[in-house]
$ cat model25.tsv   # TSV, C-alpha atoms
chain	number	residue	atom	x	y	z
A	450	MET	CA	4.61	-6.61	-34.22
A	451	THR	CA	4.98	-7.15	-30.47
A	452	SER	CA	8.23	-6.58	-28.64
A	453	THR	CA	9.53	-9.38	-26.46
A	454	ALA	CA	12.08	-7.14	-24.76
A	455	THR	CA	11.70	-6.69	-21.02
A	456	PRO	CA	10.71	-3.09	-20.14
A	457	PRO	CA	13.73	-1.10	-18.86
A	458	GLY	CA	12.42	-0.58	-15.30
A	459	LEU	CA	11.64	-4.27	-15.00
A	460	ALA	CA	15.05	-5.21	-16.41
A	461	ARG	CA	16.67	-3.03	-13.72
A	462	LEU	CA	14.62	-4.72	-10.98
A	463	ASN	CA	15.55	-8.15	-12.34
A	464	ALA	CA	19.24	-7.24	-12.45
A	465	LEU	CA	19.58	-5.75	-8.97
A	466	GLU	CA	21.64	-7.57	-6.38
A	467	GLU	CA	19.35	-9.13	-3.77
A	468	PRO	CA	19.96	-6.56	-0.98
A	469	ALA	CA	19.21	-3.64	-3.31
A	470	ALA	CA	16.15	-5.38	-4.77
A	471	ARG	CA	14.90	-6.20	-1.27
A	472	ALA	CA	15.31	-2.54	-0.23
A	473	ALA	CA	13.47	-1.32	-3.35
A	474	LEU	CA	10.60	-3.74	-2.74
A	475	HIS	CA	10.46	-2.77	0.94
A	476	GLU	CA	9.73	0.79	-0.19
A	477	VAL	CA	6.69	-0.63	-1.99
A	478	CYS	CA	5.48	-2.86	0.85
A	479	ALA	CA	6.95	-3.27	4.35
A	480	SER	CA	6.00	-6.97	4.57
A	481	THR	CA	9.08	-9.17	4.60
A	482	ALA	CA	7.04	-12.15	3.35
A	483	TRP	CA	5.66	-10.15	0.42
A	484	GLY	CA	9.12	-8.89	-0.57
A	485	GLY	CA	10.62	-12.37	-0.26
A	486	ARG	CA	7.97	-13.83	-2.53
A	487	LEU	CA	8.60	-11.17	-5.18
A	488	LEU	CA	12.37	-11.66	-4.94
A	489	ALA	CA	12.06	-15.42	-5.30
A	490	ALA	CA	10.02	-15.09	-8.49
A	491	ARG	CA	12.59	-12.97	-10.36
A	492	PRO	CA	13.28	-12.53	-13.20
A	493	TYR	CA	10.00	-11.17	-14.51
A	494	SER	CA	9.26	-11.07	-18.24
A	495	THR	CA	6.47	-8.50	-18.04
A	496	ALA	CA	5.09	-5.96	-15.59
A	497	GLU	CA	1.89	-8.04	-15.52
A	498	ASP	CA	3.91	-11.02	-14.26
A	499	LEU	CA	5.25	-8.82	-11.46
A	500	TYR	CA	1.76	-7.54	-10.60
A	501	ALA	CA	0.31	-11.06	-10.60
A	502	THR	CA	3.07	-12.23	-8.24
A	503	SER	CA	2.38	-9.22	-6.01
A	504	ASP	CA	-1.35	-10.00	-5.96
A	505	ALA	CA	-0.69	-13.66	-5.08
A	506	ALA	CA	1.79	-12.69	-2.36
A	507	THR	CA	-0.66	-10.18	-0.89
A	508	ALA	CA	-3.42	-12.80	-0.88
A	509	GLU	CA	-1.20	-15.15	1.13
A	510	LEU	CA	-0.13	-12.67	3.84
A	511	THR	CA	-0.84	-13.84	7.37
A	512	VAL	CA	-2.37	-11.53	9.97
A	513	GLU	CA	1.14	-10.75	11.24
A	514	ASP	CA	2.41	-10.12	7.71
A	515	LEU	CA	-0.47	-7.67	7.18
A	516	ARG	CA	0.42	-5.88	10.42
A	517	GLU	CA	4.02	-5.61	9.26
A	518	ALA	CA	2.88	-4.19	5.91
A	519	MET	CA	0.55	-1.67	7.56
A	520	ALA	CA	3.32	-0.49	9.89
A	521	GLY	CA	4.92	0.99	6.78
A	522	HIS	CA	1.94	3.29	6.17
A	523	PRO	CA	1.38	6.58	8.01
A	524	PRO	CA	-2.14	7.51	9.13
A	525	ILE	CA	-4.33	9.26	6.56
A	526	GLY	CA	-3.92	13.00	6.95
A	527	ARG	CA	-0.41	12.67	8.38
A	528	PRO	CA	1.96	11.70	5.56
A	529	GLU	CA	5.45	10.84	6.69
A	530	GLN	CA	7.81	13.83	6.69
A	531	GLY	CA	10.21	13.72	3.75
A	532	ASP	CA	8.37	10.82	2.08
A	533	PRO	CA	7.21	12.00	-1.35
A	534	ALA	CA	5.27	8.76	-1.99
A	535	SER	CA	3.25	9.22	1.19
A	536	ALA	CA	2.52	12.87	0.38
A	537	ARG	CA	1.61	12.05	-3.23
A	538	GLU	CA	-0.70	9.20	-2.24
A	539	GLN	CA	-2.48	11.33	0.35
A	540	ARG	CA	-2.80	14.37	-1.89
A	541	GLY	CA	-6.57	14.36	-1.30
A	542	MET	CA	-5.98	15.55	2.26
A	543	ALA	CA	-3.56	18.32	1.23
A	544	GLY	CA	-6.22	21.00	0.92
A	545	ALA	CA	-8.49	19.67	3.65
A	546	SER	CA	-9.99	22.09	6.11
A	547	ASP	CA	-8.84	22.15	9.72
A	548	GLU	CA	-12.20	20.64	10.66
A	549	LEU	CA	-11.75	17.70	8.29
A	550	ARG	CA	-8.18	17.16	9.48
A	551	ALA	CA	-9.35	17.12	13.11
A	552	GLU	CA	-12.17	14.72	12.24
A	553	MET	CA	-9.75	12.41	10.41
A	554	LEU	CA	-7.43	12.42	13.41
A	555	GLU	CA	-10.31	11.36	15.68
A	556	LEU	CA	-11.50	8.73	13.23
A	557	ASN	CA	-7.96	7.38	12.74
A	558	LEU	CA	-7.60	7.02	16.51
A	559	ALA	CA	-10.99	5.31	16.83
A	560	TYR	CA	-10.11	2.95	13.99
A	561	GLN	CA	-6.71	2.13	15.47
A	562	GLU	CA	-8.28	1.47	18.87
A	563	ARG	CA	-10.89	-0.83	17.32
A	564	PHE	CA	-8.63	-2.78	14.95
A	565	GLY	CA	-5.13	-2.34	16.40
A	566	HIS	CA	-3.57	-0.83	13.27
A	567	VAL	CA	-3.71	2.22	11.01
A	568	PHE	CA	-6.65	2.77	8.72
A	569	LEU	CA	-5.37	1.58	5.34
A	570	ILE	CA	-6.98	2.75	2.13
A	571	CYS	CA	-5.70	3.27	-1.37
A	572	ALA	CA	-5.85	7.06	-1.07
A	573	THR	CA	-4.63	7.80	-4.60
A	574	GLY	CA	-7.29	9.85	-6.38
A	575	ARG	CA	-9.58	10.12	-3.33
A	576	THR	CA	-10.67	13.33	-1.68
A	577	GLY	CA	-10.38	13.93	2.03
A	578	GLU	CA	-14.15	13.63	2.32
A	579	GLN	CA	-14.13	10.25	0.54
A	580	MET	CA	-11.46	8.95	2.90
A	581	ARG	CA	-13.40	10.26	5.91
A	582	ASP	CA	-16.56	8.57	4.69
A	583	ALA	CA	-14.69	5.31	4.12
A	584	VAL	CA	-13.21	5.20	7.62
A	585	LYS	CA	-16.63	5.99	9.12
A	586	GLU	CA	-18.18	3.13	7.16
A	587	ARG	CA	-15.40	0.67	7.90
A	588	LEU	CA	-15.43	1.32	11.65
A	589	GLY	CA	-18.56	-0.85	11.79
A	590	ASN	CA	-16.93	-3.86	10.14
A	591	ALA	CA	-16.17	-7.10	11.92
A	592	PRO	CA	-12.39	-7.58	12.31
A	593	GLU	CA	-12.33	-10.46	9.78
A	594	ARG	CA	-14.18	-8.39	7.18
A	595	GLU	CA	-11.92	-5.41	7.78
A	596	ARG	CA	-8.81	-7.56	7.40
A	597	GLU	CA	-9.96	-8.63	3.93
A	598	ILE	CA	-10.70	-5.00	2.96
A	599	VAL	CA	-7.22	-4.04	4.19
A	600	ARG	CA	-5.73	-6.86	2.09
A	601	THR	CA	-7.57	-5.56	-1.01
A	602	GLU	CA	-6.50	-1.96	-0.37
A	603	LEU	CA	-2.89	-3.05	0.22
A	604	GLY	CA	-2.94	-4.92	-3.09
A	605	LYS	CA	-4.08	-1.76	-4.90
A	606	ILE	CA	-1.39	0.34	-3.19
A	607	ASN	CA	1.30	-2.24	-4.00
A	608	ARG	CA	0.35	-2.24	-7.69
A	609	ILE	CA	0.48	1.57	-7.88
A	610	ARG	CA	3.84	1.65	-6.12
A	611	LEU	CA	5.27	-1.15	-8.29
A	612	ALA	CA	4.19	0.70	-11.43
A	613	ARG	CA	5.88	3.85	-10.15
A	614	LEU	CA	9.02	1.85	-9.28
A	615	LEU	CA	9.16	0.54	-12.85
A	616	GLU	CA	8.50	3.99	-14.36
A	617	GLU	CA	10.81	6.04	-12.18
A	618	GLY	CA	13.53	3.46	-11.96
A	619	ILE	CA	15.44	2.07	-9.07
A	620	ALA	CA	18.19	3.96	-7.32
$ encode --input "model25.tsv" --output "structure tokens"
Amino acid sequence: MTSTATPPGLARLNALEEPAARAALHEVCASTAWGGRLLAARPYSTAEDLYATSDAATAELTVEDLREAMAGHPPIGRPEQGDPASAREQRGMAGASDELRAEMLELNLAYQERFGHVFLICATGRTGEQMRDAVKERLGNAPEREREIVRTELGKINRIRLARLLEEGIA
């Protein structure tokens, strides 16, 4: 027998007043357009409905919307102070050697100079070496190709963060 009840975390998101829901979604993704699209689609019946709306909203982000979303992400190897999500997501760099940290700093700067924004990758579950290898590989991409990779990585990050939002609840 299948339950038709909305999961508790999703019910809380559905019930939040708009300013609180907007703030919670901004913690997931800094794009105003993305958050607005998710707000407009409430209420959600299932987490999959929420994820599908997130995926569709991410696919429709303009170049400027993507820049806004990326501005909410610290560089790999430098999680934002006091941000447990950032530290958790970049756990693969936590035990990195000083040499790897220095190399990531250089690569992050080269990437930012080439593309005009932070190197964005779904870091969850990746080692420091895997992230280093990814930035090295992606430095050779054409800007249009890199933008689509960034969009894909952002979609993965948004799904992980939405799942955590539903599991941990909303303040």
$ atom_distance --input "model25.tsv" --atom1 "atom CA of Gly574 of chain A" --atom2 "atom CA of Glu602 of chain A"
13.3 Å
$ closest_atom_pairs --input "model25.tsv" --of "segment 465-543 of chain A" --to "segment 564-567 of chain A" --cutoff "12 Å" --atoms "all atoms listed in the file" --output "tab-separated table"
residue	atom	partner	partner_atom	distance
A:Val512	CA	A:His566	CA	11.3
A:Glu513	CA	A:His566	CA	11.2
A:Leu515	CA	A:His566	CA	9.7
A:Arg516	CA	A:His566	CA	7.0
A:Glu517	CA	A:His566	CA	9.8
A:Ala518	CA	A:His566	CA	10.3
A:Met519	CA	A:Val567	CA	6.7
A:Ala520	CA	A:Val567	CA	7.6
A:Gly521	CA	A:Val567	CA	9.7
A:His522	CA	A:Val567	CA	7.5
A:Pro523	CA	A:Val567	CA	7.3
A:Pro524	CA	A:Val567	CA	5.8
A:Ile525	CA	A:Val567	CA	8.4
A:Gly526	CA	A:Val567	CA	11.5
A:Arg527	CA	A:Val567	CA	11.3
$ atom_distance --input "model25.tsv" --atom1 "atom CA of Ala508 of chain A" --atom2 "atom CA of Leu569 of chain A"
15.8 Å
$ closest_residue --input "model25.tsv" --among "A:Glu562, A:Asp514, A:Glu593, A:Glu578" --to "Ala545 of chain A" --atoms "all atoms listed in the file"
A:Glu578
$ atom_distance --input "model25.tsv" --atom1 "atom CA of Glu586 of chain A" --atom2 "atom CA of Ile598 of chain A"
11.8 Å
$ closest_residue --input "model25.tsv" --among "A:Ala572, A:Arg581, A:Ser480, A:Ala473" --to "Met553 of chain A" --atoms "all atoms listed in the file"
A:Arg581
$ closest_residue --input "model25.tsv" --among "A:Leu465, A:Ala496, A:Ala543, A:Val599" --to "Phe568 of chain A" --atoms "only C-alpha atoms"
A:Val599
$ decode --input "model25.tsv" --residues "segment 596-612 of chain A" --atoms "N, CA, C and O atoms" --output "compact mmCIF listing (two decimals), in the first residue's frame"
# COMPACT_ATOMS: atom_id res chain seq x y z
N ARG A 596 29.88 26.34 -19.90
CA ARG A 596 28.63 26.82 -19.33
C ARG A 596 27.63 25.67 -19.18
O ARG A 596 26.92 25.58 -18.18
N GLU A 597 27.59 24.77 -20.14
CA GLU A 597 26.67 23.63 -20.04
C GLU A 597 27.12 22.64 -18.97
O GLU A 597 26.29 22.05 -18.27
N ILE A 598 28.43 22.47 -18.81
CA ILE A 598 28.94 21.61 -17.73
C ILE A 598 28.57 22.23 -16.38
O ILE A 598 28.13 21.53 -15.46
N VAL A 599 28.77 23.54 -16.26
CA VAL A 599 28.42 24.25 -15.02
C VAL A 599 26.93 24.06 -14.72
O VAL A 599 26.54 23.78 -13.59
N ARG A 600 26.09 24.17 -15.73
CA ARG A 600 24.65 24.00 -15.54
C ARG A 600 24.35 22.59 -15.01
O ARG A 600 23.55 22.42 -14.08
N THR A 601 25.01 21.58 -15.57
CA THR A 601 24.81 20.20 -15.12
C THR A 601 25.28 20.02 -13.68
O THR A 601 24.58 19.42 -12.85
N GLU A 602 26.45 20.57 -13.36
CA GLU A 602 26.99 20.46 -12.00
C GLU A 602 26.09 21.19 -11.00
O GLU A 602 25.84 20.69 -9.91
N LEU A 603 25.60 22.36 -11.39
CA LEU A 603 24.69 23.12 -10.52
C LEU A 603 23.42 22.32 -10.25
O LEU A 603 22.94 22.27 -9.12
N GLY A 604 22.90 21.66 -11.27
CA GLY A 604 21.71 20.84 -11.10
C GLY A 604 21.93 19.72 -10.09
O GLY A 604 21.07 19.45 -9.24
N LYS A 605 23.11 19.09 -10.15
CA LYS A 605 23.44 18.02 -9.19
C LYS A 605 23.52 18.59 -7.76
O LYS A 605 22.99 17.99 -6.82
N ILE A 606 24.19 19.73 -7.63
CA ILE A 606 24.34 20.36 -6.31
C ILE A 606 22.96 20.75 -5.77
O ILE A 606 22.65 20.50 -4.60
N ASN A 607 22.12 21.33 -6.61
CA ASN A 607 20.78 21.74 -6.17
C ASN A 607 19.98 20.55 -5.68
O ASN A 607 19.29 20.64 -4.65
N ARG A 608 20.05 19.43 -6.38
CA ARG A 608 19.31 18.23 -5.94
C ARG A 608 19.79 17.75 -4.57
O ARG A 608 18.98 17.41 -3.70
N ILE A 609 21.11 17.71 -4.38
CA ILE A 609 21.67 17.27 -3.10
C ILE A 609 21.22 18.21 -1.98
O ILE A 609 20.80 17.77 -0.91
N ARG A 610 21.29 19.50 -2.25
CA ARG A 610 20.91 20.48 -1.23
C ARG A 610 19.41 20.45 -0.95
O ARG A 610 18.99 20.63 0.19
N LEU A 611 18.59 20.25 -1.98
CA LEU A 611 17.15 20.14 -1.75
C LEU A 611 16.84 18.90 -0.91
O LEU A 611 16.00 18.96 0.00
N ALA A 612 17.49 17.79 -1.20
CA ALA A 612 17.26 16.57 -0.42
C ALA A 612 17.63 16.81 1.04
O ALA A 612 16.89 16.41 1.95
